[in-house]
Protein chains: 2
Amino acid sequence: MSNKSHEGWSVPAVDAVRVTPSTRVADLDRNGTPGFDGDKALGERLLEERGAHLSALQEKLYANGRATDENRSVLLILQGMDTAGKGGMVRNVIGHMDPQGVDHAAFGVPTEEEKRHHYLWRIRKALPRNGQVGVFDRSHYEDVLVVRVHNLVPPEQWEPRYDEINHFEKELVESGTTLIKVAMFVSLDEQKKRLAERLDRPDKYWKYNPGDVTERGYWPQYQQAYQDMLDRTSTEHAPWHVVPCDRKWYSRLAVTELLIDALERLDLHWPPADFDVEVEKARLAAS
Amino acid sequence: MSNKSHEGWSVPAVDAVRVTPSTRVADLDRNGTPGFDGDKALGERLLEERGAHLSALQEKLYANGRATDENRSVLLILQGMDTAGKGGMVRNVIGHMDPQGVDHAAFGVPTEEEKRHHYLWRIRKALPRNGQVGVFDRSHYEDVLVVRVHNLVPPEQWEPRYDEINHFEKELVESGTTLIKVAMFVSLDEQKKRLAERLDRPDKYWKYNPGDVTERGYWPQYQQAYQDMLDRTSTEHAPWHVVPCDRKWYSRLAVTELLIDALERLDLHWPPADFDVEVEKARLAAS
């Protein structure tokens, strides 16, 4: 990594937002910019510059996926309350990448078919293919968040899921998928502002759901469910990252850096030729 | 459409590249810029400007897909010889769109499982969902192109496919999907240059396949297969467009305009609120 890549950061993003045993959801400054000392203007400039770098790294992952059988893929898991900015993250961060190399999936209320299966069934079907960057807008963690808060299944059913998820993710990592788990935290006040904007603008009505206000009544329960999720499923092989989201520019830049870090760690190279280059040059010239 | 949208075009793209009964593949100027009088610099500037407009239109389609049950989707079908620029089209044109609203699928040599099914089986599985822009990098047309040129099945098997495809596409259009069929034509010389570049640059080896040179030996047969495809499957409900691709900037701009035209014809509006806005404002304020 060049020095330039650290412009604005006093602590690398990946260290600044990684969950530690002392991370307290209740104490998190959702308006903060952990590790980053710059302002919004610098953040937005860096988002474009680093987005271009991310795009170049992704092309190399995609190339390897096309040319080799070795499974390497990345899966970005986005969890967060309504208005935390999951959709904008996809548009503005994943939007830097080549659509050919992105496997995007959103997980809403389970369909009737999904309900008849194990909660990981729909997740397994949507895992990224070799060489792809998968993006989950919500995920299997819904099954220890909304499901728990609303008692959709009894505790004896959701309680074992933390361990199940850890096993599932270990299996994924061992099969060559790098997991980047991002918990996005917006404040109660900022959420109110964002919901109010959706009610003020007819071009945003489609984003509004009366259930979003109902859910605000369960805020403390959600914060506790998030805390337990972080405590019980942040593992060595698949750690959680906690990203404050009241400043969209910060959250987008931070996740861009998490993706860059993961791709750089793969230490990717352009796939070598599996043909004789000189022979092929001669064949082409004669064609 | 504002006048601005026609900057550079003496004939709208959608008319300039639409197949007519007199379209002759053999006579097509693959270095041409039909309908467009500007140069590369203007073309590249317009690609960015119009790409932003395309992105705004796509968001409206996506919003309708989220908020209504009425099926409306767009499917861009890209067919073309190797190096015509299908991948670059996805990266540079579809890349303007929100990844959440794009369903991308590439169709290569059929897998063993796909071979056991009807040739439309894998196609039906990949059709765009409500509110999505689907992109097919190759498609069911492979089954009257490479399959025909290489006699992978006997004529009595591929011959009926033209009619089958027309029926299939009529069904799609009637169910709410707008089809944009684009046949991308690169010249034999330009193809040679592009393949040579892949052999000169180690970061492009992964894009090279010795089979690409082999296929050059079948050029006339492919041109004939393309001609018959255009003659027999360009229909009122799903016309073909013929896009010269020796100049990448032109082909990308032309397809951007085809997508814009299709989305504008859908005459989309922001979905109305399906809740009482004032009641919700009060609920939110109290939350």
# chains A, B, ... in the order shown; residues from 1 in each chain; ligands from 1
>>> interface_residues(of="chain B", to="chain A", cutoff="9 Å", atoms="only C-alpha atoms", output="PyMOL selection string")
chain B and resi 60+63-64+66-67+87+90-92+94-100+102-106+192+195-196+199-200+202-210+213-214+216-217+269-275+277-278+280-281+283-285+287
>>> residues_around(residues="stretch 234-244 of chain B", least_positions_apart="5", cutoff="8 Å", atoms="only C-alpha atoms", output="PyMOL selection string")
chain B and resi 14+17-19+28-33+166+169-170+173+178-186+229+250-251+254
>>> residues_around(residues="stretch 112-120 of chain A", least_positions_apart="3", cutoff="12 Å", atoms="only C-alpha atoms", output="list in words")
Phe107, Gly108, Val109, Ile123, Arg124, Lys125, Ala126, Leu127, Ser139, His140, Tyr141, Glu142, Asp143, Val144, Val147, Leu152, Val153, Gln157, Trp158, Arg161, Glu164, Ile165, His167, Phe168 and Glu169 of chain A
>>> write_last_selection(atoms="N, CA and C atoms", output="compact mmCIF listing (two decimals), in the first residue's frame")
# COMPACT_ATOMS: atom_id res chain seq x y z
N PHE A 107 -32.09 -9.39 1.49
CA PHE A 107 -32.91 -10.35 2.22
C PHE A 107 -33.97 -9.63 3.03
N GLY A 108 -35.20 -9.71 2.57
CA GLY A 108 -36.30 -9.09 3.28
C GLY A 108 -37.03 -10.12 4.13
N VAL A 109 -38.29 -9.81 4.43
CA VAL A 109 -39.13 -10.78 5.13
C VAL A 109 -39.13 -12.07 4.30
N ILE A 123 -29.64 -18.11 2.18
CA ILE A 123 -28.30 -17.51 2.23
C ILE A 123 -27.33 -18.32 1.37
N ARG A 124 -27.36 -19.62 1.54
CA ARG A 124 -26.44 -20.48 0.77
C ARG A 124 -26.68 -20.34 -0.74
N LYS A 125 -27.92 -20.15 -1.11
CA LYS A 125 -28.23 -20.02 -2.54
C LYS A 125 -27.64 -18.75 -3.14
N ALA A 126 -27.37 -17.75 -2.30
CA ALA A 126 -26.96 -16.44 -2.81
C ALA A 126 -25.47 -16.16 -2.61
N LEU A 127 -24.71 -17.16 -2.17
CA LEU A 127 -23.28 -16.93 -1.91
C LEU A 127 -22.54 -16.57 -3.19
N SER A 139 -29.03 -10.12 5.98
CA SER A 139 -28.39 -11.42 5.84
C SER A 139 -28.99 -12.42 6.82
N HIS A 140 -28.24 -13.48 7.10
CA HIS A 140 -28.65 -14.46 8.11
C HIS A 140 -28.71 -13.84 9.51
N TYR A 141 -28.10 -12.67 9.68
CA TYR A 141 -28.17 -12.04 10.99
C TYR A 141 -29.57 -11.51 11.33
N GLU A 142 -30.41 -11.36 10.32
CA GLU A 142 -31.80 -11.02 10.61
C GLU A 142 -32.41 -12.05 11.56
N ASP A 143 -31.90 -13.28 11.48
CA ASP A 143 -32.48 -14.37 12.26
C ASP A 143 -32.06 -14.37 13.73
N VAL A 144 -31.16 -13.44 14.09
CA VAL A 144 -30.89 -13.19 15.52
C VAL A 144 -31.14 -11.72 15.86
N VAL A 147 -35.92 -11.30 14.29
CA VAL A 147 -36.58 -12.53 14.75
C VAL A 147 -36.58 -12.62 16.27
N LEU A 152 -40.26 -13.94 16.94
CA LEU A 152 -40.85 -14.66 15.80
C LEU A 152 -40.64 -16.16 15.96
N VAL A 153 -39.60 -16.51 16.69
CA VAL A 153 -39.42 -17.91 17.10
C VAL A 153 -39.01 -17.86 18.57
N GLN A 157 -35.00 -21.55 20.00
CA GLN A 157 -34.75 -21.72 18.56
C GLN A 157 -33.69 -20.71 18.07
N TRP A 158 -33.77 -19.43 18.50
CA TRP A 158 -32.76 -18.48 18.00
C TRP A 158 -31.44 -18.56 18.76
N ARG A 161 -28.50 -20.25 17.23
CA ARG A 161 -28.10 -19.75 15.90
C ARG A 161 -26.74 -19.05 15.91
N GLU A 164 -24.34 -21.70 15.33
CA GLU A 164 -24.54 -22.22 13.96
C GLU A 164 -23.93 -21.28 12.93
N ILE A 165 -24.18 -20.00 13.14
CA ILE A 165 -23.66 -19.00 12.19
C ILE A 165 -22.14 -19.01 12.21
N HIS A 167 -20.19 -21.50 12.82
CA HIS A 167 -19.75 -22.69 12.09
C HIS A 167 -19.92 -22.49 10.58
N PHE A 168 -21.06 -21.95 10.22
CA PHE A 168 -21.35 -21.70 8.81
C PHE A 168 -20.30 -20.77 8.20
N GLU A 169 -19.98 -19.71 8.91
CA GLU A 169 -19.02 -18.73 8.36
C GLU A 169 -17.60 -19.31 8.32
>>> residues_around(residues="A:Gly35", least_positions_apart="6", cutoff="9 Å", atoms="only C-alpha atoms", output="number ranges by chain")
A: 8-13, 15-17
>>> write_last_selection(atoms="C-alpha atoms", output="short mmCIF file (atom, residue, chain, number, x, y, z; two decimals), in the first residue's frame")
data_model
loop_
_atom_site.label_atom_id
_atom_site.label_comp_id
_atom_site.auth_asym_id
_atom_site.auth_seq_id
_atom_site.Cartn_x
_atom_site.Cartn_y
_atom_site.Cartn_z
CA GLY A 8 -6.70 11.42 6.11
CA TRP A 9 -6.47 8.35 8.33
CA SER A 10 -4.59 8.48 11.64
CA VAL A 11 -5.56 4.85 12.24
CA PRO A 12 -6.24 2.52 9.30
CA ALA A 13 -9.99 2.09 8.81
CA ASP A 15 -8.35 -1.18 12.79
CA ALA A 16 -10.42 1.87 13.68
CA VAL A 17 -13.79 0.16 13.17
#
>>> select_by_dssp(residues="stretch 62-201 of chain B", states="helix (DSSP H, G or I)", output="NGL selection string")
:B and (62-67 or 86-92 or 94-96 or 99-101 or 112-115 or 121-125 or 140-144 or 146-149 or 155-158 or 161-174 or 188-200)
>>> atom_distance(atom1="atom CA of A:Ile77", atom2="atom CA of A:Arg138")
6.9 Å
>>> residues_around(residues="B:Arg45", least_positions_apart="2", cutoff="12 Å", atoms="only C-alpha atoms", output="list in words")
Glu7, Gly8, Gly38, Asp39, Lys40, Ala41, Leu42, Gly43, Leu47, Glu48, Glu49, Arg50, Gly51, Ala52, Trp249, Tyr250, Arg252 and Leu253 of chain B
>>> select_by_dssp(residues="stretch 2-247 of chain A", states="strand (DSSP E or B)", output="number ranges by chain")
A: 9, 18, 36, 73-80, 102-106, 133-137, 177-185, 240-244
>>> write_last_selection(atoms="N, CA, C and O atoms", output="compact mmCIF listing (two decimals), in the first residue's frame")
# COMPACT_ATOMS: atom_id res chain seq x y z
N TRP A 9 -6.25 9.33 7.27
CA TRP A 9 -6.47 8.35 8.33
C TRP A 9 -5.31 8.39 9.34
O TRP A 9 -4.16 8.19 8.96
N ARG A 18 -12.84 -2.03 13.73
CA ARG A 18 -12.99 -3.43 14.09
C ARG A 18 -13.53 -3.58 15.51
O ARG A 18 -13.12 -2.86 16.42
N PHE A 36 -10.40 8.64 11.18
CA PHE A 36 -10.29 9.60 10.07
C PHE A 36 -10.31 11.02 10.60
O PHE A 36 -11.23 11.41 11.33
N SER A 73 -13.30 -15.50 -3.23
CA SER A 73 -14.38 -14.52 -3.38
C SER A 73 -14.45 -13.70 -2.10
O SER A 73 -13.82 -14.03 -1.10
N VAL A 74 -15.17 -12.61 -2.19
CA VAL A 74 -15.33 -11.71 -1.06
C VAL A 74 -16.83 -11.55 -0.82
O VAL A 74 -17.61 -11.48 -1.78
N LEU A 75 -17.22 -11.54 0.43
CA LEU A 75 -18.64 -11.32 0.74
C LEU A 75 -18.77 -10.20 1.76
O LEU A 75 -18.30 -10.32 2.90
N LEU A 76 -19.39 -9.11 1.32
CA LEU A 76 -19.66 -7.98 2.20
C LEU A 76 -21.07 -8.13 2.77
O LEU A 76 -22.04 -8.21 2.03
N ILE A 77 -21.14 -8.20 4.10
CA ILE A 77 -22.44 -8.35 4.77
C ILE A 77 -22.79 -7.03 5.44
O ILE A 77 -22.04 -6.53 6.28
N LEU A 78 -23.90 -6.44 5.03
CA LEU A 78 -24.34 -5.16 5.59
C LEU A 78 -25.56 -5.39 6.47
O LEU A 78 -26.59 -5.88 6.01
N GLN A 79 -25.41 -5.04 7.75
CA GLN A 79 -26.55 -5.08 8.67
C GLN A 79 -26.73 -3.70 9.27
O GLN A 79 -25.74 -3.01 9.56
N GLY A 80 -27.95 -3.29 9.46
CA GLY A 80 -28.17 -1.99 10.07
C GLY A 80 -29.66 -1.69 10.16
O GLY A 80 -30.45 -2.27 9.41
N VAL A 102 -20.06 -8.54 -9.55
CA VAL A 102 -20.81 -8.32 -8.31
C VAL A 102 -22.01 -9.26 -8.24
O VAL A 102 -22.79 -9.35 -9.19
N ASP A 103 -22.12 -9.98 -7.14
CA ASP A 103 -23.32 -10.78 -6.86
C ASP A 103 -24.07 -10.13 -5.71
O ASP A 103 -23.67 -10.26 -4.55
N HIS A 104 -25.12 -9.42 -6.02
CA HIS A 104 -25.86 -8.68 -5.00
C HIS A 104 -27.13 -9.43 -4.58
O HIS A 104 -27.83 -9.98 -5.42
N ALA A 105 -27.41 -9.45 -3.30
CA ALA A 105 -28.64 -10.06 -2.82
C ALA A 105 -29.18 -9.27 -1.64
O ALA A 105 -28.42 -8.84 -0.77
N ALA A 106 -30.48 -9.06 -1.63
CA ALA A 106 -31.14 -8.39 -0.50
C ALA A 106 -32.08 -9.40 0.15
O ALA A 106 -32.74 -10.17 -0.53
N VAL A 133 -17.46 -10.48 -6.01
CA VAL A 133 -17.70 -9.79 -4.76
C VAL A 133 -19.20 -9.90 -4.47
O VAL A 133 -20.02 -9.35 -5.22
N GLY A 134 -19.54 -10.63 -3.44
CA GLY A 134 -20.94 -10.73 -3.05
C GLY A 134 -21.29 -9.59 -2.11
O GLY A 134 -20.44 -9.12 -1.35
N VAL A 135 -22.52 -9.13 -2.19
CA VAL A 135 -23.00 -8.09 -1.27
C VAL A 135 -24.34 -8.54 -0.73
O VAL A 135 -25.26 -8.81 -1.49
N PHE A 136 -24.44 -8.63 0.58
CA PHE A 136 -25.70 -8.97 1.24
C PHE A 136 -26.27 -7.73 1.91
O PHE A 136 -25.65 -7.19 2.84
N ASP A 137 -27.41 -7.27 1.46
CA ASP A 137 -28.16 -6.20 2.09
C ASP A 137 -29.10 -6.89 3.07
O ASP A 137 -30.11 -7.44 2.67
N THR A 177 -13.79 -17.92 0.81
CA THR A 177 -14.51 -16.64 0.81
C THR A 177 -14.07 -15.76 1.97
O THR A 177 -14.06 -16.20 3.12
N THR A 178 -13.65 -14.55 1.65
CA THR A 178 -13.31 -13.58 2.68
C THR A 178 -14.58 -12.84 3.11
O THR A 178 -15.27 -12.28 2.27
N LEU A 179 -14.87 -12.89 4.40
CA LEU A 179 -16.07 -12.20 4.88
C LEU A 179 -15.73 -10.82 5.43
O LEU A 179 -14.75 -10.67 6.16
N ILE A 180 -16.53 -9.84 5.06
CA ILE A 180 -16.40 -8.50 5.63
C ILE A 180 -17.76 -8.16 6.24
O ILE A 180 -18.72 -7.90 5.52
N LYS A 181 -17.83 -8.22 7.55
CA LYS A 181 -19.11 -8.01 8.21
C LYS A 181 -19.18 -6.58 8.76
O LYS A 181 -18.32 -6.19 9.55
N VAL A 182 -20.18 -5.86 8.33
CA VAL A 182 -20.29 -4.44 8.69
C VAL A 182 -21.64 -4.19 9.37
O VAL A 182 -22.70 -4.37 8.76
N ALA A 183 -21.56 -3.78 10.61
CA ALA A 183 -22.76 -3.35 11.33
C ALA A 183 -22.83 -1.83 11.25
O ALA A 183 -21.91 -1.14 11.70
N MET A 184 -23.90 -1.31 10.66
CA MET A 184 -24.02 0.12 10.39
C MET A 184 -24.93 0.74 11.45
O MET A 184 -26.08 0.33 11.58
N PHE A 185 -24.41 1.75 12.14
CA PHE A 185 -25.16 2.34 13.25
C PHE A 185 -25.52 3.80 13.00
O PHE A 185 -24.65 4.65 12.88
N TRP A 240 -16.49 -8.69 13.14
CA TRP A 240 -17.42 -7.60 12.83
C TRP A 240 -16.68 -6.26 12.78
O TRP A 240 -15.69 -6.06 13.48
N HIS A 241 -17.23 -5.36 11.98
CA HIS A 241 -16.80 -3.97 11.98
C HIS A 241 -18.01 -3.12 12.32
O HIS A 241 -19.12 -3.39 11.83
N VAL A 242 -17.78 -2.11 13.12
CA VAL A 242 -18.85 -1.26 13.60
C VAL A 242 -18.65 0.12 12.98
O VAL A 242 -17.65 0.79 13.25
N VAL A 243 -19.56 0.52 12.12
CA VAL A 243 -19.37 1.75 11.35
C VAL A 243 -20.46 2.77 11.70
O VAL A 243 -21.64 2.53 11.45
N PRO A 244 -20.05 3.92 12.26
CA PRO A 244 -21.01 4.99 12.53
C PRO A 244 -21.53 5.54 11.20
O PRO A 244 -20.75 5.74 10.26
>>> atom_distance(atom1="atom CA of B:Glu174", atom2="atom CA of B:Ala56")
25.3 Å
